[in-house]
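Have a look at the structure below before the remarks.
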Amino acid sequence: MSGLTTDFALSRRQWLTAAGGGMASVALAGALHAADGAARGPMYAPRARRVIQLFMNGGPFQADFFDPKPKINEYAGQRPAEVQFRTENATGALMAVPYAYAKHGESGLEISNLLPRLSRFADDLCVIRSMYTDNPNHGPALFMMNNGTIAPLRPSMGSWFLYGLGSENENLPGYVVLCPGRPVRFAELWTNAFLPGSHQGTYINHSDLTPAKMLPYLRNAVLDEPAQRRQLDLLRKINEDHLAERGSDRGLEARIQSMETAFRMQFAATDAFDLSRETQETRDEYGKGHFANACLLARRLAERGVRFTQVYYGDGQPWDTHRNHDELTRKLAADIDQPIAALLADLKRTGLFDDTLVVWGGEFGRTPTTESSDGRDHNHLGFTMWLAGGGVRGGLAYGASDDFGFRAVQDKVHVHDLHATTLHLLGMDHEKLTYRHAGRDFRLTDVYGRVMRELLA
């Protein structure tokens, strides 16, 4: 605990026991709602109350899914002289896209045949075909998409959401990150940085769906609930006395609150993360696999008031198809199509769709030209994302890339604009949601960003 004397400091194991056996990771500090007075609530009437981000880490190719580019196939094997196809590395000739497109829904939104189930929700999707970002490397692009800057050590957008709004459930984390494996190198993508520790994302490894495995040390094996409560009250009194003698210490304040949250999580988290409580019909609707399970968990967390749930497709960059692009893309598409469609249907069925913003995409796109003969390189100059629910216009294809899907050319949307729009839908002005640190006011969008009102319902 920051600032504690030797007499009052707790070891990690003692702290976990005192907290009722809370999650055994640094991320437990993120298992908090905004209880330190930082949460302000919406600045105006929000259209969305929560966000679910479906993150295709590695970067899907825009023309495979939502941005048809017949010119790519027309000129396949060639490199038209008028277009310079280079982002990170030099690439070869244009590589054909082997997927057909069709118009779907009343809107006629064009979606490729890779996503037959999701296509049924065409009238709910707001597709942005003109996204761009600042860097073609994974690290900086991941930071930009998650933290609003290409450098580390800035708060993640989920932390900003909690800082501005708090959580609707004091018994669960307000910001949950679902990613299979142990992506330690990703941890800075859900950091609170200089925001209070209570706003950090809580990482959940859902490779094993047993709640006790997803949430290790959740139960105290030694003390019953009344005994834990007495112990926790004593520790809280000691820490509050210590805090009163030394003045404000956000680290200690976050630790005090984390003990309370961990104690409450023993009972609420077991229910929230237990997919065995779902009917077999629902489980079948989502399908099998880690991504399907994460989508179902995201719905369960949304209905329990979790403010922001990030679903990473997998550890590392599974969408980083530098080789064997077409075969890998078919497998990846088949793995996401059913769960995403089920999630949208489930949100509608449970009445959550209208005030839940669902965001799909990666940190950038991929080149229309080849790398290693059958792969595609990174492309940050033009890519596609989509939004659904939460106050956005469905059945819309916004903006455009060039004829080959290489560069955004019409109604360009930067990541800062996406963040500004997301905050607006949550009822917050991105220019006014600031935090004073190191002598200046910081915000998620830095000094950039505009609300894309054209996307709003």
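So you can find residues: chains in the structure tokens are A, B, ... in the order shown, residues in each start at 1, and ligands are numbered from 1 in order.
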Please provide as a PDB file with N, CA and C atoms, in the first residue's frame all residues within 9 Å of Lys71 of chain A, with the sequence filter that same-chain residues fewer than 4 positions apart are discarded (counting only C-alpha atoms).
ATOM      1  N   TYR A  75      -8.067  -5.617 -61.029  1.00  0.00           N
ATOM      2  CA  TYR A  75      -6.641  -5.367 -61.247  1.00  0.00           C
ATOM      3  C   TYR A  75      -5.756  -6.341 -60.459  1.00  0.00           C
ATOM      4  N   ALA A  76      -6.314  -7.467 -60.044  1.00  0.00           N
ATOM      5  CA  ALA A  76      -5.544  -8.433 -59.261  1.00  0.00           C
ATOM      6  C   ALA A  76      -4.283  -8.843 -60.010  1.00  0.00           C
ATOM      7  N   ASP A 403     -10.655   3.335 -54.402  1.00  0.00           N
ATOM      8  CA  ASP A 403     -11.171   2.203 -55.177  1.00  0.00           C
ATOM      9  C   ASP A 403     -10.567   0.872 -54.786  1.00  0.00           C
ATOM     10  N   PHE A 404      -9.410   0.921 -54.125  1.00  0.00           N
ATOM     11  CA  PHE A 404      -8.729  -0.323 -53.768  1.00  0.00           C
ATOM     12  C   PHE A 404      -8.750  -0.583 -52.256  1.00  0.00           C
TER      13      PHE A 404
END
Name all residues at most 7 Å from segment 318-324 of chain A (count only C-alpha atoms; drop same-chain ones fewer than 4 positions away) and give them as a PDB file with N, CA and C atoms, in the first residue's frame.
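Produced file result.pdb, reproduced below:
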ATOM      1  N   MET A  56     -10.927  -7.121 -32.615  1.00  0.00           N
ATOM      2  CA  MET A  56     -10.277  -8.096 -33.487  1.00  0.00           C
ATOM      3  C   MET A  56      -8.789  -7.760 -33.555  1.00  0.00           C
ATOM      4  N   ASN A  57      -8.065  -8.041 -32.480  1.00  0.00           N
ATOM      5  CA  ASN A  57      -6.681  -7.631 -32.380  1.00  0.00           C
ATOM      6  C   ASN A  57      -5.827  -8.313 -33.450  1.00  0.00           C
ATOM      7  N   GLY A  58      -5.067  -7.485 -34.132  1.00  0.00           N
ATOM      8  CA  GLY A  58      -4.266  -7.910 -35.272  1.00  0.00           C
ATOM      9  C   GLY A  58      -4.656  -7.169 -36.533  1.00  0.00           C
ATOM     10  N   GLY A  59      -5.953  -6.842 -36.665  1.00  0.00           N
ATOM     11  CA  GLY A  59      -6.398  -6.017 -37.779  1.00  0.00           C
ATOM     12  C   GLY A  59      -7.023  -6.785 -38.920  1.00  0.00           C
ATOM     13  N   PRO A  60      -8.368  -6.834 -39.013  1.00  0.00           N
ATOM     14  CA  PRO A  60      -9.033  -7.484 -40.152  1.00  0.00           C
ATOM     15  C   PRO A  60      -8.944  -6.625 -41.410  1.00  0.00           C
ATOM     16  N   GLY A 314      -8.401 -12.794 -28.989  1.00  0.00           N
ATOM     17  CA  GLY A 314      -7.476 -13.788 -28.464  1.00  0.00           C
ATOM     18  C   GLY A 314      -6.189 -13.144 -28.006  1.00  0.00           C
ATOM     19  N   LEU A 328      -7.025 -18.221 -43.302  1.00  0.00           N
ATOM     20  CA  LEU A 328      -7.175 -17.795 -41.911  1.00  0.00           C
ATOM     21  C   LEU A 328      -8.411 -16.923 -41.727  1.00  0.00           C
ATOM     22  N   GLU A 371       1.574  -9.611 -49.249  1.00  0.00           N
ATOM     23  CA  GLU A 371       2.834  -9.766 -48.542  1.00  0.00           C
ATOM     24  C   GLU A 371       3.111 -11.260 -48.478  1.00  0.00           C
ATOM     25  N   SER A 372       4.340 -11.649 -48.774  1.00  0.00           N
ATOM     26  CA  SER A 372       4.721 -13.070 -48.769  1.00  0.00           C
ATOM     27  C   SER A 372       3.822 -13.899 -49.674  1.00  0.00           C
ATOM     28  N   ASP A 374       0.838 -14.571 -50.208  1.00  0.00           N
ATOM     29  CA  ASP A 374      -0.550 -14.904 -49.878  1.00  0.00           C
ATOM     30  C   ASP A 374      -1.027 -14.236 -48.587  1.00  0.00           C
ATOM     31  N   GLY A 375      -0.307 -13.217 -48.127  1.00  0.00           N
ATOM     32  CA  GLY A 375      -0.710 -12.504 -46.919  1.00  0.00           C
ATOM     33  C   GLY A 375      -0.973 -11.037 -47.201  1.00  0.00           C
ATOM     34  N   ARG A 376      -1.372 -10.311 -46.166  1.00  0.00           N
ATOM     35  CA  ARG A 376      -1.612  -8.872 -46.287  1.00  0.00           C
ATOM     36  C   ARG A 376      -0.914  -8.169 -45.125  1.00  0.00           C
ATOM     37  N   ASP A 377      -0.346  -7.004 -45.423  1.00  0.00           N
ATOM     38  CA  ASP A 377       0.391  -6.248 -44.419  1.00  0.00           C
ATOM     39  C   ASP A 377      -0.550  -5.317 -43.659  1.00  0.00           C
TER      40      ASP A 377
END
Problem - Contacts of Ala93 of chain A at 10 Å (only C-alpha atoms; same-chain gap of 6+ positions) as a ChimeraX atom specification - result: /A:72,75-80,85,368-371,373
Those same residues, written as a PDB file, in the first residue's frame with N, CA and C atoms?
ATOM      1  N   ILE A  72     -10.264  -4.226 -56.867  1.00  0.00           N
ATOM      2  CA  ILE A  72      -9.155  -5.083 -56.437  1.00  0.00           C
ATOM      3  C   ILE A  72      -9.098  -6.329 -57.307  1.00  0.00           C
ATOM      4  N   TYR A  75      -8.067  -5.617 -61.029  1.00  0.00           N
ATOM      5  CA  TYR A  75      -6.641  -5.367 -61.247  1.00  0.00           C
ATOM      6  C   TYR A  75      -5.756  -6.341 -60.459  1.00  0.00           C
ATOM      7  N   ALA A  76      -6.314  -7.467 -60.044  1.00  0.00           N
ATOM      8  CA  ALA A  76      -5.544  -8.433 -59.261  1.00  0.00           C
ATOM      9  C   ALA A  76      -4.283  -8.843 -60.010  1.00  0.00           C
ATOM     10  N   GLY A  77      -3.171  -8.910 -59.297  1.00  0.00           N
ATOM     11  CA  GLY A  77      -1.890  -9.248 -59.901  1.00  0.00           C
ATOM     12  C   GLY A  77      -1.157  -8.063 -60.465  1.00  0.00           C
ATOM     13  N   GLN A  78      -1.772  -6.873 -60.404  1.00  0.00           N
ATOM     14  CA  GLN A  78      -1.156  -5.664 -60.938  1.00  0.00           C
ATOM     15  C   GLN A  78      -0.929  -4.657 -59.807  1.00  0.00           C
ATOM     16  N   ARG A  79      -0.146  -3.630 -60.136  1.00  0.00           N
ATOM     17  CA  ARG A  79       0.051  -2.499 -59.232  1.00  0.00           C
ATOM     18  C   ARG A  79      -0.207  -1.225 -60.015  1.00  0.00           C
ATOM     19  N   PRO A  80      -1.448  -0.724 -59.996  1.00  0.00           N
ATOM     20  CA  PRO A  80      -1.744   0.515 -60.722  1.00  0.00           C
ATOM     21  C   PRO A  80      -0.791   1.630 -60.313  1.00  0.00           C
ATOM     22  N   PHE A  85       0.968   1.765 -52.824  1.00  0.00           N
ATOM     23  CA  PHE A  85       0.532   0.841 -51.792  1.00  0.00           C
ATOM     24  C   PHE A  85       1.679   0.562 -50.824  1.00  0.00           C
ATOM     25  N   PRO A 368      -4.518  -3.975 -49.533  1.00  0.00           N
ATOM     26  CA  PRO A 368      -5.112  -4.733 -50.647  1.00  0.00           C
ATOM     27  C   PRO A 368      -4.051  -5.476 -51.455  1.00  0.00           C
ATOM     28  N   THR A 369      -2.789  -5.171 -51.207  1.00  0.00           N
ATOM     29  CA  THR A 369      -1.691  -5.820 -51.908  1.00  0.00           C
ATOM     30  C   THR A 369      -1.118  -6.962 -51.073  1.00  0.00           C
ATOM     31  N   THR A 370      -0.314  -7.781 -51.709  1.00  0.00           N
ATOM     32  CA  THR A 370       0.163  -8.994 -51.069  1.00  0.00           C
ATOM     33  C   THR A 370       1.431  -8.770 -50.255  1.00  0.00           C
ATOM     34  N   GLU A 371       1.574  -9.611 -49.249  1.00  0.00           N
ATOM     35  CA  GLU A 371       2.834  -9.766 -48.542  1.00  0.00           C
ATOM     36  C   GLU A 371       3.111 -11.260 -48.478  1.00  0.00           C
ATOM     37  N   SER A 373       3.384 -13.323 -50.742  1.00  0.00           N
ATOM     38  CA  SER A 373       2.598 -13.949 -51.823  1.00  0.00           C
ATOM     39  C   SER A 373       1.143 -14.241 -51.469  1.00  0.00           C
TER      40      SER A 373
END
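Those residues in segment 18-186 of chain A carrying a DSSP assignment of strand (DSSP E or B), computed from the backbone, are Arg50, Val51, Ile52, Gln53, Leu54, Phe55, Arg86, Ala90, Leu94, Tyr101, Ala102, Lys103, His104, Leu109, Glu110, Ile111, Ser112, Leu125, Cys126, Val127, Ile128, Arg129, Ser130, Met131, Tyr132, Tyr175, Val176, Val177 and Leu178 of chain A.
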Let me see the file: selected residues, N, CA and C atoms, as a tab-separated table (two decimals), in the first residue's frame.
chain	number	residue	atom	x	y	z
A	50	ARG	N	-23.77	1.82	-21.47
A	50	ARG	CA	-22.65	0.88	-21.37
A	50	ARG	C	-22.09	0.61	-22.76
A	51	VAL	N	-20.88	0.07	-22.80
A	51	VAL	CA	-20.20	-0.23	-24.07
A	51	VAL	C	-19.67	-1.65	-24.03
A	52	ILE	N	-19.86	-2.37	-25.12
A	52	ILE	CA	-19.20	-3.66	-25.34
A	52	ILE	C	-18.34	-3.52	-26.59
A	53	GLN	N	-17.05	-3.70	-26.43
A	53	GLN	CA	-16.14	-3.62	-27.56
A	53	GLN	C	-15.69	-5.02	-27.96
A	54	LEU	N	-15.90	-5.37	-29.23
A	54	LEU	CA	-15.47	-6.64	-29.78
A	54	LEU	C	-14.20	-6.36	-30.58
A	55	PHE	N	-13.06	-6.69	-30.00
A	55	PHE	CA	-11.79	-6.23	-30.55
A	55	PHE	C	-11.09	-7.33	-31.31
A	86	ARG	N	1.83	1.38	-49.84
A	86	ARG	CA	2.84	1.14	-48.82
A	86	ARG	C	2.40	1.78	-47.52
A	90	ALA	N	7.05	-2.47	-47.94
A	90	ALA	CA	6.70	-2.58	-49.35
A	90	ALA	C	5.95	-3.89	-49.58
A	94	LEU	N	-1.78	-6.30	-56.24
A	94	LEU	CA	-3.11	-6.45	-55.66
A	94	LEU	C	-3.47	-7.94	-55.57
A	101	TYR	N	-20.32	-10.16	-52.22
A	101	TYR	CA	-21.11	-9.26	-51.40
A	101	TYR	C	-22.56	-9.30	-51.83
A	102	ALA	N	-23.44	-9.00	-50.88
A	102	ALA	CA	-24.86	-8.86	-51.19
A	102	ALA	C	-25.44	-7.76	-50.32
A	103	LYS	N	-26.54	-7.19	-50.78
A	103	LYS	CA	-27.23	-6.17	-49.99
A	103	LYS	C	-28.20	-6.84	-49.03
A	104	HIS	N	-28.28	-6.30	-47.82
A	104	HIS	CA	-29.08	-6.93	-46.78
A	104	HIS	C	-29.97	-5.90	-46.09
A	109	LEU	N	-27.57	-2.53	-46.89
A	109	LEU	CA	-26.17	-2.48	-46.50
A	109	LEU	C	-25.43	-3.68	-47.07
A	110	GLU	N	-24.29	-3.42	-47.67
A	110	GLU	CA	-23.51	-4.48	-48.31
A	110	GLU	C	-22.59	-5.16	-47.30
A	111	ILE	N	-22.72	-6.49	-47.21
A	111	ILE	CA	-21.91	-7.29	-46.31
A	111	ILE	C	-21.49	-8.53	-47.07
A	112	SER	N	-20.28	-9.00	-46.83
A	112	SER	CA	-19.76	-10.15	-47.57
A	112	SER	C	-20.38	-11.45	-47.06
A	125	LEU	N	-26.52	-2.04	-38.06
A	125	LEU	CA	-25.09	-1.74	-38.10
A	125	LEU	C	-24.82	-0.37	-38.69
A	126	CYS	N	-23.97	0.37	-38.03
A	126	CYS	CA	-23.48	1.64	-38.53
A	126	CYS	C	-22.02	1.42	-38.91
A	127	VAL	N	-21.76	1.21	-40.19
A	127	VAL	CA	-20.44	0.83	-40.68
A	127	VAL	C	-19.66	2.08	-41.07
A	128	ILE	N	-18.48	2.21	-40.50
A	128	ILE	CA	-17.59	3.33	-40.84
A	128	ILE	C	-16.51	2.78	-41.76
A	129	ARG	N	-16.53	3.19	-43.03
A	129	ARG	CA	-15.59	2.68	-44.01
A	129	ARG	C	-14.36	3.58	-44.18
A	130	SER	N	-14.25	4.61	-43.37
A	130	SER	CA	-13.20	5.61	-43.58
A	130	SER	C	-12.39	5.86	-42.33
A	131	MET	N	-12.18	4.82	-41.52
A	131	MET	CA	-11.34	4.96	-40.34
A	131	MET	C	-9.87	5.11	-40.74
A	132	TYR	N	-9.12	5.84	-39.93
A	132	TYR	CA	-7.67	5.87	-40.09
A	132	TYR	C	-7.04	6.16	-38.74
A	175	TYR	N	-15.29	-2.13	-15.19
A	175	TYR	CA	-14.54	-2.22	-16.45
A	175	TYR	C	-13.88	-3.58	-16.48
A	176	VAL	N	-14.36	-4.45	-17.39
A	176	VAL	CA	-13.90	-5.83	-17.45
A	176	VAL	C	-13.26	-6.09	-18.81
A	177	VAL	N	-12.12	-6.77	-18.81
A	177	VAL	CA	-11.41	-7.14	-20.03
A	177	VAL	C	-11.39	-8.65	-20.12
A	178	LEU	N	-12.01	-9.20	-21.16
A	178	LEU	CA	-12.06	-10.64	-21.38
A	178	LEU	C	-11.07	-11.00	-22.48
Quick one: contact table of segment 135-186 of chain A to segment 298-313 of chain A, 10 Å max, nearest atom pair and distance in Å to one decimal per residue, counting only C-alpha atoms, chain and number order, as a tab-separated table?
residue	atom	partner	partner_atom	distance
A:Met157	CA	A:Phe308	CA	9.2
A:Gly158	CA	A:Phe308	CA	6.1
A:Ser159	CA	A:Phe308	CA	9.0
A:Phe161	CA	A:Arg307	CA	7.5
A:Leu162	CA	A:Arg307	CA	7.2
A:Leu165	CA	A:Arg307	CA	8.4
A:Gly166	CA	A:Arg307	CA	7.7
A:Ser167	CA	A:Arg307	CA	5.7
A:Glu168	CA	A:Gly305	CA	4.7
A:Asn169	CA	A:Gly305	CA	5.3
A:Glu170	CA	A:Gly305	CA	8.9
A:Asn171	CA	A:Arg304	CA	9.5
A:Leu172	CA	A:Val306	CA	7.2
A:Pro173	CA	A:Val306	CA	6.7
A:Gly174	CA	A:Val306	CA	4.7
A:Tyr175	CA	A:Phe308	CA	4.8
A:Val176	CA	A:Thr309	CA	4.9
A:Val177	CA	A:Gln310	CA	4.8
A:Leu178	CA	A:Val311	CA	4.9
A:Cys179	CA	A:Tyr312	CA	5.1
A:Pro180	CA	A:Tyr312	CA	8.0
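From atom CA of Ala48 of chain A back to atom CA of Met385 of chain A, the distance works out to 18.2 Å.
Using only C-alpha atoms for every distance, the candidate list A:Asp67, A:Phe442, A:Ala334, A:Phe353 yields A:Asp67 as the residue closest to Gly399 of chain A.
Excluding Ile150 of chain A and any residue on its chain fewer than 6 positions from it, the residues at most 9 Å away by only C-alpha atoms are A:Asp134, A:Asn135, A:Gly139, A:Pro140, A:Ala141, A:Leu142, A:Phe143, A:Met144.
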Each residue of segment 144-201 of chain A with at least one atom at most 10 Å from segment 409-421 of chain A should appear once, together with its nearest atom pair and the corresponding distance in Å (one decimal); atoms considered: only C-alpha atoms; ordering: chain, then increasing residue number; output as a tab-separated table.
residue	atom	partner	partner_atom	distance
A:Met144	CA	A:Val415	CA	7.2
A:Met145	CA	A:Val415	CA	6.3
A:Asn146	CA	A:His419	CA	9.2
A:Asn147	CA	A:His419	CA	9.5
A:Gly148	CA	A:His416	CA	6.6
A:Thr149	CA	A:His416	CA	9.0
A:Met157	CA	A:His419	CA	7.8
Practice task
Taking the DSSP assignment computed from this structure's backbone, write out as a PyMOL selection string all residues of segment 192-414 of chain A that belong to alpha helix (DSSP H).
Solution key: chain A and resi 211-214+225-246+250-272+280-286+290-302+325-349
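Between atom CA of Pro196 of chain A and atom CA of Ser248 of chain A there is a distance of 11.7 Å.
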Handout entry: Shell of 7 Å around Gly105 of chain A, only C-alpha atoms, local chain residues under 5 positions omitted, as a list in words
Key = Arg120, Ala122 and Asp123 of chain A
Handout entry: Option closest in space to Leu234 of chain A, from A:His206, A:Lys213, A:Met259, A:Gly394 [counting only C-alpha atoms]
Key = A:Met259
